[in-house]
>>> print(open('work.pdb').read())   # PDB, C-alpha atoms and all ligand atoms
MODEL        1
ATOM      1  CA  MET A  29       4.367 -12.387  16.418
ATOM      2  CA  TRP A  30       5.302  -8.744  15.698
ATOM      3  CA  ASP A  31       4.213  -6.087  18.212
ATOM      4  CA  ILE A  32       2.059  -3.084  17.350
ATOM      5  CA  LYS A  33       2.263  -1.524  20.793
ATOM      6  CA  ASP A  34       4.500   1.550  21.023
ATOM      7  CA  LYS A  35       5.381   1.434  17.335
ATOM      8  CA  THR A  36       5.412   4.574  15.159
ATOM      9  CA  PHE A  37       3.693   4.435  11.759
ATOM     10  CA  LEU A  38       3.907   6.483   8.568
ATOM     11  CA  ILE A  39       0.988   5.886   6.180
ATOM     12  CA  THR A  40       0.896   7.356   2.684
ATOM     13  CA  GLY A  41      -2.526   8.171   1.239
ATOM     14  CA  GLY A  42      -3.792   7.897   4.807
ATOM     15  CA  ALA A  43      -6.367  10.701   4.805
ATOM     16  CA  SER A  44      -9.213   8.559   3.488
ATOM     17  CA  GLY A  45     -10.095   5.132   2.099
ATOM     18  CA  LEU A  46      -8.101   2.116   3.256
ATOM     19  CA  GLY A  47      -5.138   4.196   4.476
ATOM     20  CA  ALA A  48      -7.336   6.035   7.006
ATOM     21  CA  GLN A  49      -8.697   2.738   8.305
ATOM     22  CA  TYR A  50      -5.174   1.309   8.704
ATOM     23  CA  ALA A  51      -4.331   4.390  10.815
ATOM     24  CA  LYS A  52      -7.430   4.078  12.989
ATOM     25  CA  THR A  53      -7.004   0.340  13.494
ATOM     26  CA  PHE A  54      -3.286   0.413  14.346
ATOM     27  CA  LEU A  55      -3.981   3.202  16.891
ATOM     28  CA  GLN A  56      -6.804   1.090  18.391
ATOM     29  CA  LEU A  57      -4.299  -1.764  18.670
ATOM     30  CA  GLY A  58      -1.754   0.325  20.596
ATOM     31  CA  ALA A  59       0.411   2.160  18.054
ATOM     32  CA  LYS A  60       2.398   4.978  19.656
ATOM     33  CA  LYS A  61       2.059   7.559  16.866
ATOM     34  CA  VAL A  62       0.765   7.718  13.325
ATOM     35  CA  ALA A  63       1.871  10.162  10.619
ATOM     36  CA  ILE A  64      -0.776  10.547   7.918
ATOM     37  CA  LEU A  65       0.727  11.714   4.621
ATOM     38  CA  ASP A  66      -1.658  12.733   1.866
ATOM     39  CA  VAL A  67      -2.118  15.236  -0.927
ATOM     40  CA  ALA A  68      -5.675  15.966   0.307
ATOM     41  CA  GLU A  69      -4.892  18.541   2.996
ATOM     42  CA  SER A  70      -8.305  19.477   4.379
ATOM     43  CA  VAL A  71      -9.496  15.844   4.482
ATOM     44  CA  GLY A  72      -6.236  14.857   6.195
ATOM     45  CA  VAL A  73      -6.361  17.661   8.768
ATOM     46  CA  SER A  74      -9.996  16.842   9.664
ATOM     47  CA  PHE A  75      -9.216  13.138   9.953
ATOM     48  CA  VAL A  76      -6.207  13.735  12.222
ATOM     49  CA  THR A  77      -8.286  16.101  14.402
ATOM     50  CA  LEU A  78     -10.848  13.305  14.781
ATOM     51  CA  LEU A  79      -8.166  10.712  15.598
ATOM     52  CA  ASN A  80      -6.611  13.006  18.227
ATOM     53  CA  GLU A  81      -9.984  13.330  20.012
ATOM     54  CA  THR A  82      -9.742   9.610  20.816
ATOM     55  CA  TYR A  83      -5.936   9.286  20.858
ATOM     56  CA  PRO A  84      -4.660  12.690  22.069
ATOM     57  CA  GLY A  85      -1.385  13.771  20.451
ATOM     58  CA  LYS A  86      -0.886  10.491  18.610
ATOM     59  CA  ALA A  87      -1.713  11.514  15.041
ATOM     60  CA  VAL A  88      -0.075  14.115  12.803
ATOM     61  CA  PHE A  89      -0.926  15.167   9.273
ATOM     62  CA  ILE A  90       1.839  15.999   6.805
ATOM     63  CA  LYS A  91       0.871  17.232   3.365
ATOM     64  CA  CYS A  92       2.677  15.171   0.745
ATOM     65  CA  ASP A  93       2.168  14.433  -2.914
ATOM     66  CA  VAL A  94       3.909  11.062  -3.233
ATOM     67  CA  SER A  95       4.558  11.670  -6.922
ATOM     68  CA  ASN A  96       6.796  14.611  -6.027
ATOM     69  CA  GLU A  97      10.313  13.816  -4.797
ATOM     70  CA  ASP A  98      10.772  17.139  -2.952
ATOM     71  CA  ASP A  99       7.495  16.570  -1.087
ATOM     72  CA  ILE A 100       8.567  13.023  -0.200
ATOM     73  CA  LYS A 101      11.942  14.186   1.150
ATOM     74  CA  SER A 102      10.515  16.905   3.348
ATOM     75  CA  ALA A 103       7.526  14.856   4.579
ATOM     76  CA  PHE A 104       9.709  11.863   5.417
ATOM     77  CA  HIS A 105      12.201  14.000   7.335
ATOM     78  CA  LYS A 106       9.421  15.813   9.192
ATOM     79  CA  ALA A 107       7.880  12.496  10.308
ATOM     80  CA  LEU A 108      11.286  11.159  11.337
ATOM     81  CA  LYS A 109      12.072  14.353  13.280
ATOM     82  CA  ASP A 110       8.660  14.409  15.016
ATOM     83  CA  PHE A 111       8.733  10.713  15.999
ATOM     84  CA  GLN A 112      12.544  10.310  16.290
ATOM     85  CA  ARG A 113      12.152   6.850  14.823
ATOM     86  CA  LEU A 114       9.878   5.268  12.218
ATOM     87  CA  ASP A 115       9.048   1.628  12.930
ATOM     88  CA  VAL A 116       6.467   0.942  10.218
ATOM     89  CA  ILE A 117       5.821   2.483   6.805
ATOM     90  CA  ILE A 118       2.637   1.607   4.943
ATOM     91  CA  ASN A 119       3.052   2.508   1.283
ATOM     92  CA  ASN A 120      -0.660   2.747   0.576
ATOM     93  CA  ALA A 121      -1.152   5.795  -1.673
ATOM     94  CA  GLY A 122      -2.361   4.714  -5.069
ATOM     95  CA  ILE A 123      -4.372   5.994  -7.987
ATOM     96  CA  MET A 124      -6.160   3.748 -10.417
ATOM     97  CA  SER A 125      -6.445   5.473 -13.760
ATOM     98  CA  ASP A 126      -5.335   4.194 -17.142
ATOM     99  CA  SER A 127      -6.878   7.185 -18.966
ATOM    100  CA  PRO A 128      -4.659   9.053 -21.472
ATOM    101  CA  ASP A 129      -4.331  12.113 -19.218
ATOM    102  CA  LEU A 130      -3.744  10.293 -15.909
ATOM    103  CA  TRP A 131      -1.855   7.058 -16.534
ATOM    104  CA  ARG A 132       1.578   8.596 -15.980
ATOM    105  CA  LYS A 133       0.532  10.297 -12.740
ATOM    106  CA  SER A 134      -1.033   7.020 -11.627
ATOM    107  CA  CYS A 135       2.318   5.201 -12.099
ATOM    108  CA  GLU A 136       4.182   7.947 -10.258
ATOM    109  CA  VAL A 137       1.841   7.703  -7.268
ATOM    110  CA  SER A 138       1.320   3.929  -7.083
ATOM    111  CA  TRP A 139       4.836   2.892  -8.075
ATOM    112  CA  GLN A 140       7.616   5.504  -8.045
ATOM    113  CA  GLY A 141       6.365   7.075  -4.797
ATOM    114  CA  LEU A 142       6.381   3.667  -3.135
ATOM    115  CA  VAL A 143       9.963   2.996  -4.269
ATOM    116  CA  SER A 144      11.118   6.326  -2.886
ATOM    117  CA  PHE A 145       9.512   5.786   0.546
ATOM    118  CA  THR A 146      10.883   2.235   0.659
ATOM    119  CA  MET A 147      14.422   3.508  -0.017
ATOM    120  CA  LYS A 148      14.162   6.191   2.630
ATOM    121  CA  GLY A 149      12.603   3.742   5.080
ATOM    122  CA  VAL A 150      15.342   1.136   4.601
ATOM    123  CA  GLU A 151      18.023   3.805   4.988
ATOM    124  CA  SER A 152      16.617   5.058   8.300
ATOM    125  CA  MET A 153      15.688   1.634   9.743
ATOM    126  CA  ARG A 154      18.616  -0.587   8.785
ATOM    127  CA  THR A 155      20.349  -2.109  11.810
ATOM    128  CA  ASP A 156      23.670  -2.472   9.954
ATOM    129  CA  GLU A 157      23.852   1.327   9.788
ATOM    130  CA  GLY A 158      22.704   2.190  13.317
ATOM    131  CA  GLY A 159      18.915   1.934  12.839
ATOM    132  CA  ALA A 160      16.469  -0.046  14.954
ATOM    133  CA  GLY A 161      14.974  -2.229  12.193
ATOM    134  CA  GLY A 162      11.347  -2.033  11.152
ATOM    135  CA  THR A 163       8.633  -3.029   8.725
ATOM    136  CA  ILE A 164       7.722  -1.709   5.281
ATOM    137  CA  ILE A 165       4.286  -2.719   4.032
ATOM    138  CA  ASN A 166       3.800  -2.312   0.299
ATOM    139  CA  ILE A 167       0.215  -2.302  -0.929
ATOM    140  CA  ALA A 168      -0.071  -4.014  -4.315
ATOM    141  CA  SER A 169      -3.390  -5.427  -5.534
ATOM    142  CA  THR A 170      -4.926  -8.539  -7.029
ATOM    143  CA  ALA A 171      -4.397  -6.508 -10.216
ATOM    144  CA  ALA A 172      -0.759  -7.620  -9.873
ATOM    145  CA  ILE A 173      -1.726 -11.267 -10.264
ATOM    146  CA  PHE A 174      -4.819 -11.123 -12.484
ATOM    147  CA  LYS A 175      -4.953  -9.913 -16.088
ATOM    148  CA  LEU A 176      -7.474  -7.076 -16.291
ATOM    149  CA  PRO A 177      -7.705  -5.795 -19.880
ATOM    150  CA  THR A 178      -9.511  -2.648 -18.730
ATOM    151  CA  MET A 179      -6.534  -1.421 -16.712
ATOM    152  CA  PRO A 180      -3.213  -2.783 -17.983
ATOM    153  CA  VAL A 181      -1.279   0.233 -16.657
ATOM    154  CA  TYR A 182      -2.628  -0.236 -13.137
ATOM    155  CA  CYS A 183      -1.951  -4.002 -13.384
ATOM    156  CA  GLY A 184       1.621  -3.263 -14.506
ATOM    157  CA  SER A 185       2.310  -0.783 -11.719
ATOM    158  CA  LYS A 186       0.942  -3.174  -9.085
ATOM    159  CA  MET A 187       2.989  -6.063 -10.481
ATOM    160  CA  ALA A 188       5.988  -3.730 -10.303
ATOM    161  CA  VAL A 189       5.193  -3.112  -6.617
ATOM    162  CA  LEU A 190       5.014  -6.854  -5.964
ATOM    163  CA  HIS A 191       8.176  -7.796  -7.840
ATOM    164  CA  PHE A 192      10.136  -4.836  -6.448
ATOM    165  CA  SER A 193       9.188  -5.932  -2.938
ATOM    166  CA  GLN A 194       9.950  -9.636  -3.369
ATOM    167  CA  SER A 195      13.236  -8.911  -5.162
ATOM    168  CA  LEU A 196      14.395  -6.427  -2.520
ATOM    169  CA  ALA A 197      13.492  -8.828   0.278
ATOM    170  CA  GLU A 198      15.575 -11.729  -1.035
ATOM    171  CA  PRO A 199      17.738 -13.244   1.752
ATOM    172  CA  PRO A 200      19.971 -12.138   3.358
ATOM    173  CA  PHE A 201      18.243  -8.712   3.215
ATOM    174  CA  PHE A 202      16.436  -9.113   6.550
ATOM    175  CA  GLU A 203      19.424 -10.709   8.308
ATOM    176  CA  ARG A 204      21.576  -7.764   7.178
ATOM    177  CA  THR A 205      19.193  -4.882   7.752
ATOM    178  CA  GLY A 206      16.518  -5.953  10.252
ATOM    179  CA  VAL A 207      13.966  -4.437   7.857
ATOM    180  CA  ARG A 208      10.956  -6.590   7.010
ATOM    181  CA  ILE A 209       9.339  -6.044   3.601
ATOM    182  CA  LEU A 210       5.723  -7.264   3.307
ATOM    183  CA  THR A 211       3.387  -7.133   0.309
ATOM    184  CA  MET A 212      -0.416  -7.158   0.415
ATOM    185  CA  CYS A 213      -2.634  -7.834  -2.604
ATOM    186  CA  PRO A 214      -6.178  -6.699  -1.781
ATOM    187  CA  GLY A 215      -8.984  -7.640  -4.136
ATOM    188  CA  PRO A 216     -11.697  -5.102  -5.022
ATOM    189  CA  THR A 217     -12.643  -3.367  -1.766
ATOM    190  CA  ASP A 218     -15.468  -0.915  -1.105
ATOM    191  CA  THR A 219     -13.746   2.507  -1.405
ATOM    192  CA  PRO A 220     -13.986   5.447  -3.865
ATOM    193  CA  LEU A 221     -11.228   3.780  -5.910
ATOM    194  CA  LEU A 222     -13.932   1.587  -7.436
ATOM    195  CA  HIS A 223     -16.129   4.551  -8.477
ATOM    196  CA  ASN A 224     -16.384   5.665 -12.130
ATOM    197  CA  LEU A 225     -14.596   2.596 -13.484
ATOM    198  CA  LEU A 226     -15.311   3.612 -17.074
ATOM    199  CA  ASP A 227     -13.513   6.954 -16.732
ATOM    200  CA  ARG A 228     -10.470   5.132 -15.406
ATOM    201  CA  ALA A 229     -10.265   2.583 -18.203
ATOM    202  CA  PHE A 230      -7.506   2.242 -20.796
ATOM    203  CA  ASP A 231     -10.120   1.956 -23.538
ATOM    204  CA  LYS A 232     -13.545   3.240 -22.545
ATOM    205  CA  LYS A 233     -15.432   1.547 -25.384
ATOM    206  CA  PHE A 234     -13.982  -1.862 -24.649
ATOM    207  CA  ALA A 235     -14.455  -1.309 -20.891
ATOM    208  CA  GLU A 236     -18.195  -0.727 -21.372
ATOM    209  CA  GLU A 237     -18.513  -4.230 -22.820
ATOM    210  CA  PHE A 238     -16.174  -5.745 -20.245
ATOM    211  CA  TYR A 239     -17.913  -4.265 -17.197
ATOM    212  CA  ALA A 240     -21.373  -5.105 -18.598
ATOM    213  CA  ALA A 241     -20.283  -8.762 -18.499
ATOM    214  CA  THR A 242     -18.020  -8.738 -15.409
ATOM    215  CA  GLN A 243     -18.684  -7.085 -12.079
ATOM    216  CA  PRO A 244     -16.128  -6.882  -9.251
ATOM    217  CA  ASN A 245     -16.651  -9.156  -6.280
ATOM    218  CA  THR A 246     -16.194  -6.347  -3.758
ATOM    219  CA  GLN A 247     -15.157  -6.948  -0.160
ATOM    220  CA  LYS A 248     -15.633  -4.795   2.965
ATOM    221  CA  VAL A 249     -12.932  -2.334   4.030
ATOM    222  CA  GLU A 250     -12.784  -4.125   7.394
ATOM    223  CA  SER A 251     -11.680  -7.360   5.679
ATOM    224  CA  ALA A 252      -8.810  -5.629   3.869
ATOM    225  CA  VAL A 253      -7.716  -3.865   7.080
ATOM    226  CA  ASN A 254      -7.835  -7.060   9.171
ATOM    227  CA  ALA A 255      -5.716  -8.717   6.507
ATOM    228  CA  VAL A 256      -2.988  -6.075   6.828
ATOM    229  CA  VAL A 257      -3.016  -6.404  10.625
ATOM    230  CA  LYS A 258      -2.645 -10.206  10.365
ATOM    231  CA  MET A 259       0.168  -9.842   7.829
ATOM    232  CA  TYR A 260       1.922  -7.288  10.057
ATOM    233  CA  LYS A 261       1.737  -9.634  13.056
ATOM    234  CA  GLU A 262       2.681 -12.877  11.295
ATOM    235  CA  GLY A 263       4.424 -12.144   7.990
ATOM    236  CA  ASP A 264       8.016 -13.070   7.247
ATOM    237  CA  CYS A 265      10.228 -10.695   5.305
ATOM    238  CA  GLY A 266       9.466 -11.102   1.596
ATOM    239  CA  SER A 267       6.039 -12.619   2.159
ATOM    240  CA  ILE A 268       3.140 -11.859  -0.167
ATOM    241  CA  TRP A 269      -0.448 -11.903   1.054
ATOM    242  CA  LEU A 270      -3.902 -11.945  -0.499
ATOM    243  CA  SER A 271      -7.086 -10.376   0.884
ATOM    244  CA  ALA A 272     -10.160 -11.013  -1.249
ATOM    245  CA  LYS A 273     -13.858 -11.794  -1.032
ATOM    246  CA  ASN A 274     -13.971 -11.064   2.736
ATOM    247  CA  LYS A 275     -11.928 -14.185   3.464
ATOM    248  CA  PRO A 276      -9.139 -14.183   6.077
ATOM    249  CA  ALA A 277      -5.751 -13.050   4.751
ATOM    250  CA  GLN A 278      -3.856 -15.769   2.930
ATOM    251  CA  ASP A 279      -0.063 -16.051   2.759
ATOM    252  CA  ILE A 280       0.588 -16.797  -0.944
ATOM    253  CA  THR A 281       4.391 -16.555  -0.823
ATOM    254  CA  ASP A 282       4.967 -20.206  -1.721
ATOM    255  CA  THR A 283       2.997 -19.822  -4.953
ATOM    256  CA  PHE A 284       5.415 -17.107  -6.047
ATOM    257  CA  LYS A 285       8.441 -19.075  -4.845
ATOM    258  CA  ASN A 286       7.389 -22.013  -7.018
ATOM    259  CA  ILE A 287       6.734 -19.843 -10.082
ATOM    260  CA  PHE A 288      10.037 -17.999  -9.758
ATOM    261  CA  ASN A 289      11.986 -21.214  -9.051
ATOM    262  CA  ASP A 290      10.552 -22.735 -12.239
ATOM    263  CA  LEU A 291      11.419 -19.610 -14.219
ATOM    264  CA  ALA A 292      14.921 -19.542 -12.733
ATOM    265  CA  LYS A 293      15.488 -23.036 -14.154
ATOM    266  CA  LEU A 294      14.945 -21.548 -17.649
ATOM    267  CA  ILE A 295      17.354 -18.692 -16.980
ATOM    268  CA  LEU A 296      20.221 -19.966 -14.848
TER     269      LEU A 296
HETATM  270  N1  LIG B 301     -10.083  -0.243  -3.075
HETATM  271  C1  LIG B 301      -9.667  -1.294  -3.763
HETATM  272  O1  LIG B 301     -10.468  -2.029  -4.374
HETATM  273  C2  LIG B 301      -8.236  -1.665  -3.782
HETATM  274  C3  LIG B 301      -7.243  -0.772  -3.436
HETATM  275  N2  LIG B 301      -5.927  -1.149  -3.541
HETATM  276  C4  LIG B 301      -4.862  -0.214  -3.235
HETATM  277  O2  LIG B 301      -5.003   0.277  -1.926
HETATM  278  C5  LIG B 301      -4.493   1.604  -1.856
HETATM  279  C6  LIG B 301      -5.553   2.509  -1.238
HETATM  280  O3  LIG B 301      -6.688   2.451  -2.050
HETATM  281  P1  LIG B 301      -8.101   3.068  -1.622
HETATM  282  O4  LIG B 301      -8.101   3.426  -0.198
HETATM  283  O5  LIG B 301      -9.113   2.146  -2.140
HETATM  284  O6  LIG B 301      -8.111   4.367  -2.529
HETATM  285  P2  LIG B 301      -8.861   5.766  -2.294
HETATM  286  O7  LIG B 301      -8.906   6.384  -3.627
HETATM  287  O8  LIG B 301     -10.109   5.572  -1.532
HETATM  288  O9  LIG B 301      -7.835   6.570  -1.338
HETATM  289  C7  LIG B 301      -6.563   6.923  -1.801
HETATM  290  C8  LIG B 301      -5.915   7.934  -0.889
HETATM  291  O10 LIG B 301      -4.672   8.281  -1.483
HETATM  292  C9  LIG B 301      -4.553   9.684  -1.545
HETATM  293  N3  LIG B 301      -3.726  10.103  -2.662
HETATM  294  C10 LIG B 301      -4.061  10.135  -3.970
HETATM  295  N4  LIG B 301      -3.057  10.666  -4.686
HETATM  296  C11 LIG B 301      -2.063  10.943  -3.801
HETATM  297  C12 LIG B 301      -0.778  11.529  -3.937
HETATM  298  N5  LIG B 301      -0.316  11.940  -5.133
HETATM  299  N6  LIG B 301      -0.018  11.677  -2.832
HETATM  300  C13 LIG B 301      -0.509  11.299  -1.616
HETATM  301  N7  LIG B 301      -1.710  10.766  -1.428
HETATM  302  C14 LIG B 301      -2.486  10.594  -2.518
HETATM  303  C15 LIG B 301      -5.978  10.185  -1.695
HETATM  304  O11 LIG B 301      -6.107  11.552  -1.320
HETATM  305  C16 LIG B 301      -6.728   9.239  -0.768
HETATM  306  O12 LIG B 301      -6.713   9.717   0.570
HETATM  307  C17 LIG B 301      -4.103   1.980  -3.286
HETATM  308  O13 LIG B 301      -2.731   1.752  -3.467
HETATM  309  C18 LIG B 301      -4.896   1.017  -4.130
HETATM  310  O14 LIG B 301      -4.305   0.786  -5.386
HETATM  311  C19 LIG B 301      -5.546  -2.404  -3.916
HETATM  312  C20 LIG B 301      -6.494  -3.314  -4.241
HETATM  313  C21 LIG B 301      -7.907  -3.057  -4.194
HETATM  314  C1  LIG B 302     -13.619  -7.954 -12.587
HETATM  315  C2  LIG B 302     -13.623  -6.449 -12.607
HETATM  316  C3  LIG B 302     -12.697  -5.927 -11.563
HETATM  317  C4  LIG B 302     -12.693  -4.422 -11.572
HETATM  318  C5  LIG B 302     -12.324  -3.983 -10.227
HETATM  319  C6  LIG B 302     -12.004  -2.559 -10.195
HETATM  320  C7  LIG B 302     -11.016  -2.069  -9.452
HETATM  321  C8  LIG B 302     -10.162  -2.908  -8.643
HETATM  322  C9  LIG B 302      -9.038  -2.407  -8.107
HETATM  323  C10 LIG B 302      -8.070  -3.264  -7.520
HETATM  324  O1  LIG B 302      -6.986  -2.858  -7.140
HETATM  325  C11 LIG B 302      -8.349  -4.706  -7.531
HETATM  326  C12 LIG B 302      -7.843  -5.123  -8.825
HETATM  327  C13 LIG B 302      -8.171  -6.080  -9.591
HETATM  328  C14 LIG B 302      -9.222  -7.028  -9.460
HETATM  329  C15 LIG B 302      -8.668  -8.310  -9.895
HETATM  330  C16 LIG B 302      -9.371  -9.333 -10.005
HETATM  331  C17 LIG B 302     -10.812  -9.351  -9.884
HETATM  332  C18 LIG B 302     -11.266 -10.767  -9.721
HETATM  333  C19 LIG B 302     -12.744 -10.868  -9.705
HETATM  334  C20 LIG B 302     -13.359 -10.205  -8.529
HETATM  335  O2  LIG B 302     -12.932 -10.457  -7.382
HETATM  336  O3  LIG B 302     -14.276  -9.434  -8.734
ENDMDL
END
>>> encode(input="work.pdb", output="structure tokens", more="lines below")
Ligand SMILES: NC(=O)C1=CN([C@@H]2O[C@H](COP(=O)(O)OP(=O)(O)OC[C@H]3O[C@@H](n4cnc5c(N)ncnc54)[C@H](O)[C@@H]3O)[C@@H](O)[C@H]2O)C=CC1
Ligand SMILES: CCCCC/C=C\C=C\C(=O)C/C=C\C/C=C\CCCC(=O)O
Amino acid sequence: MWDIKDKTFLITGGASGLGAQYAKTFLQLGAKKVAILDVAESVGVSFVTLLNETYPGKAVFIKCDVSNEDDIKSAFHKALKDFQRLDVIINNAGIMSDSPDLWRKSCEVSWQGLVSFTMKGVESMRTDEGGAGGTIINIASTAAIFKLPTMPVYCGSKMAVLHFSQSLAEPPFFERTGVRILTMCPGPTDTPLLHNLLDRAFDKKFAEEFYAATQPNTQKVESAVNAVVKMYKEGDCGSIWLSAKNKPAQDITDTFKNIFNDLAKLIL
């Protein structure tokens, strides 16, 4: 069982949606400090003010566009300087848009930004280079494991998140570094990310037909948040978890192990 008490957290995209609820919940469960990083400054500042009314001095807001490497560098170093040590990073920031004008930005936020924070996190946490170890939680999606023709770019970036995380975490990564990499795949969850699905589609005309026939089976935010808490407490390095349809979090690592073992037989 991994402790939450006295741990410091950095949460990207933490000003609203699921990220904000991870912050609130981990503080309720005893986290020492939480750094909220987000591009939405006024929303982030208001949220941190609210958190500090209940948990005085425990939350800070740092403006950061996770698609911008200079922003990432300065925000990461500010959080590290303020807290002296980062124990947990939740790479949560994500955009879902496959539209012609936003798909590239969406990949930079959901995928490249996550890689950059993971690299910086590993560097600062790794026990073989003087760090104290820690946990990096990468938020993928059921879009990583389900073929959604309305958003192939989003599906691809989330599969990239999943495969990046499981590849990085291959043994003896944890034994060497003391850094635990965990991946969560939430199913559709009730946040603004699910609004205006047609505007976010790869092909609007096709999406109209698709969404007329298929509606998301949306779960409550609380279910997705509880799933991340359970994964944080119980997950082994490299594990992959599912949170869908308001059911308790499920460790689906063995499914991936079997698939990748079978594929390895074709390659090696
Ligand atoms: N809501 C859902 O159905 C699901 C969400 N997810 C993933 O969970 C994560 C959070 O999603 P939601 O809370 O639903 O989304 P949301 O849209 O409600 O909130 C996203 C947050 O990220 C911030 N953000 C956007 N662009 C940013 C940038 N460039 N730099 C920093 N912050 C930025 C926003 O300001 C906002 O606070 C995303 O990675 C999403 O892909 C995964 C599966 C299902
Ligand atoms: C079936 C239409 C799903 C559209 C959901 C819209 C946004 C979801 C964002 C996510 O990150 C979740 C991604 C994909 C959903 C994957 C499978 C859906 C399975 C059916 C269901 O649970 O509704």
>>> atom_distance(input="work.pdb", atom1="CA of Glu136 (chain A)", atom2="CA of Ser95 (chain A)")
5.0 Å
>>> closest_residue(input="work.pdb", among="A:Thr40, A:Ser134, A:Asn166, A:Gln49", to="Ala121 (chain A)", atoms="only C-alpha atoms")
A:Thr40
>>> axis_aligned_box(input="work.pdb", around="ligand LIG 302 (chain B)", padding_each_side="3 Å", output="AutoDock Vina command-line options")
--center_x -10.6 --center_y -6.5 --center_z -9.9 --size_x 13.3 --size_y 14.8 --size_z 11.5
>>> residues_near_ligand(input="work.pdb", ligand="ligand LIG 301 (chain B)", cutoff="7 Å", atoms="all atoms listed in the file", output="PDB file with C-alpha atoms, keeping the file's coordinate frame")
ATOM      1  CA  THR A  40       0.896   7.356   2.684  1.00  0.00           C
ATOM      2  CA  GLY A  41      -2.526   8.171   1.239  1.00  0.00           C
ATOM      3  CA  GLY A  42      -3.792   7.897   4.807  1.00  0.00           C
ATOM      4  CA  ALA A  43      -6.367  10.701   4.805  1.00  0.00           C
ATOM      5  CA  SER A  44      -9.213   8.559   3.488  1.00  0.00           C
ATOM      6  CA  GLY A  45     -10.095   5.132   2.099  1.00  0.00           C
ATOM      7  CA  LEU A  46      -8.101   2.116   3.256  1.00  0.00           C
ATOM      8  CA  GLY A  47      -5.138   4.196   4.476  1.00  0.00           C
ATOM      9  CA  LEU A  65       0.727  11.714   4.621  1.00  0.00           C
ATOM     10  CA  ASP A  66      -1.658  12.733   1.866  1.00  0.00           C
ATOM     11  CA  VAL A  67      -2.118  15.236  -0.927  1.00  0.00           C
ATOM     12  CA  ALA A  68      -5.675  15.966   0.307  1.00  0.00           C
ATOM     13  CA  CYS A  92       2.677  15.171   0.745  1.00  0.00           C
ATOM     14  CA  ASP A  93       2.168  14.433  -2.914  1.00  0.00           C
ATOM     15  CA  VAL A  94       3.909  11.062  -3.233  1.00  0.00           C
ATOM     16  CA  SER A  95       4.558  11.670  -6.922  1.00  0.00           C
ATOM     17  CA  ASN A 120      -0.660   2.747   0.576  1.00  0.00           C
ATOM     18  CA  ALA A 121      -1.152   5.795  -1.673  1.00  0.00           C
ATOM     19  CA  GLY A 122      -2.361   4.714  -5.069  1.00  0.00           C
ATOM     20  CA  ILE A 123      -4.372   5.994  -7.987  1.00  0.00           C
ATOM     21  CA  MET A 124      -6.160   3.748 -10.417  1.00  0.00           C
ATOM     22  CA  VAL A 137       1.841   7.703  -7.268  1.00  0.00           C
ATOM     23  CA  SER A 138       1.320   3.929  -7.083  1.00  0.00           C
ATOM     24  CA  ILE A 167       0.215  -2.302  -0.929  1.00  0.00           C
ATOM     25  CA  ALA A 168      -0.071  -4.014  -4.315  1.00  0.00           C
ATOM     26  CA  SER A 169      -3.390  -5.427  -5.534  1.00  0.00           C
ATOM     27  CA  THR A 170      -4.926  -8.539  -7.029  1.00  0.00           C
ATOM     28  CA  CYS A 213      -2.634  -7.834  -2.604  1.00  0.00           C
ATOM     29  CA  PRO A 214      -6.178  -6.699  -1.781  1.00  0.00           C
ATOM     30  CA  GLY A 215      -8.984  -7.640  -4.136  1.00  0.00           C
ATOM     31  CA  PRO A 216     -11.697  -5.102  -5.022  1.00  0.00           C
ATOM     32  CA  THR A 217     -12.643  -3.367  -1.766  1.00  0.00           C
ATOM     33  CA  ASP A 218     -15.468  -0.915  -1.105  1.00  0.00           C
ATOM     34  CA  THR A 219     -13.746   2.507  -1.405  1.00  0.00           C
ATOM     35  CA  PRO A 220     -13.986   5.447  -3.865  1.00  0.00           C
ATOM     36  CA  LEU A 221     -11.228   3.780  -5.910  1.00  0.00           C
ATOM     37  CA  LEU A 222     -13.932   1.587  -7.436  1.00  0.00           C
TER      38      LEU A 222
END
>>> residues_around(input="work.pdb", residues="region 139-156 of chain A", least_positions_apart="4", cutoff="10 Å", atoms="all atoms listed in the file", output="PyMOL selection string")
chain A and resi 38+40+93-97+100-101+104-105+108+113-123+133-135+160-168+182+184-190+192-193+196+201-209
>>> residues_around(input="work.pdb", residues="Ala63 (chain A)", least_positions_apart="6", cutoff="9 Å", atoms="only C-alpha atoms", output="PyMOL selection string")
chain A and resi 36-40+42+51+76+86-90+107+111
>>> write_last_selection(input="work.pdb", atoms="C-alpha atoms", output="PDB file, in the frame of the given file")
ATOM      1  CA  THR A  36       5.412   4.574  15.159  1.00  0.00           C
ATOM      2  CA  PHE A  37       3.693   4.435  11.759  1.00  0.00           C
ATOM      3  CA  LEU A  38       3.907   6.483   8.568  1.00  0.00           C
ATOM      4  CA  ILE A  39       0.988   5.886   6.180  1.00  0.00           C
ATOM      5  CA  THR A  40       0.896   7.356   2.684  1.00  0.00           C
ATOM      6  CA  GLY A  42      -3.792   7.897   4.807  1.00  0.00           C
ATOM      7  CA  ALA A  51      -4.331   4.390  10.815  1.00  0.00           C
ATOM      8  CA  VAL A  76      -6.207  13.735  12.222  1.00  0.00           C
ATOM      9  CA  LYS A  86      -0.886  10.491  18.610  1.00  0.00           C
ATOM     10  CA  ALA A  87      -1.713  11.514  15.041  1.00  0.00           C
ATOM     11  CA  VAL A  88      -0.075  14.115  12.803  1.00  0.00           C
ATOM     12  CA  PHE A  89      -0.926  15.167   9.273  1.00  0.00           C
ATOM     13  CA  ILE A  90       1.839  15.999   6.805  1.00  0.00           C
ATOM     14  CA  ALA A 107       7.880  12.496  10.308  1.00  0.00           C
ATOM     15  CA  PHE A 111       8.733  10.713  15.999  1.00  0.00           C
TER      16      PHE A 111
END
>>> closest_residue(input="work.pdb", among="A:Pro177, A:Pro200, A:Pro276, A:Gly263", to="ligand LIG 302 (chain B)", atoms="all atoms listed in the file")
A:Pro177
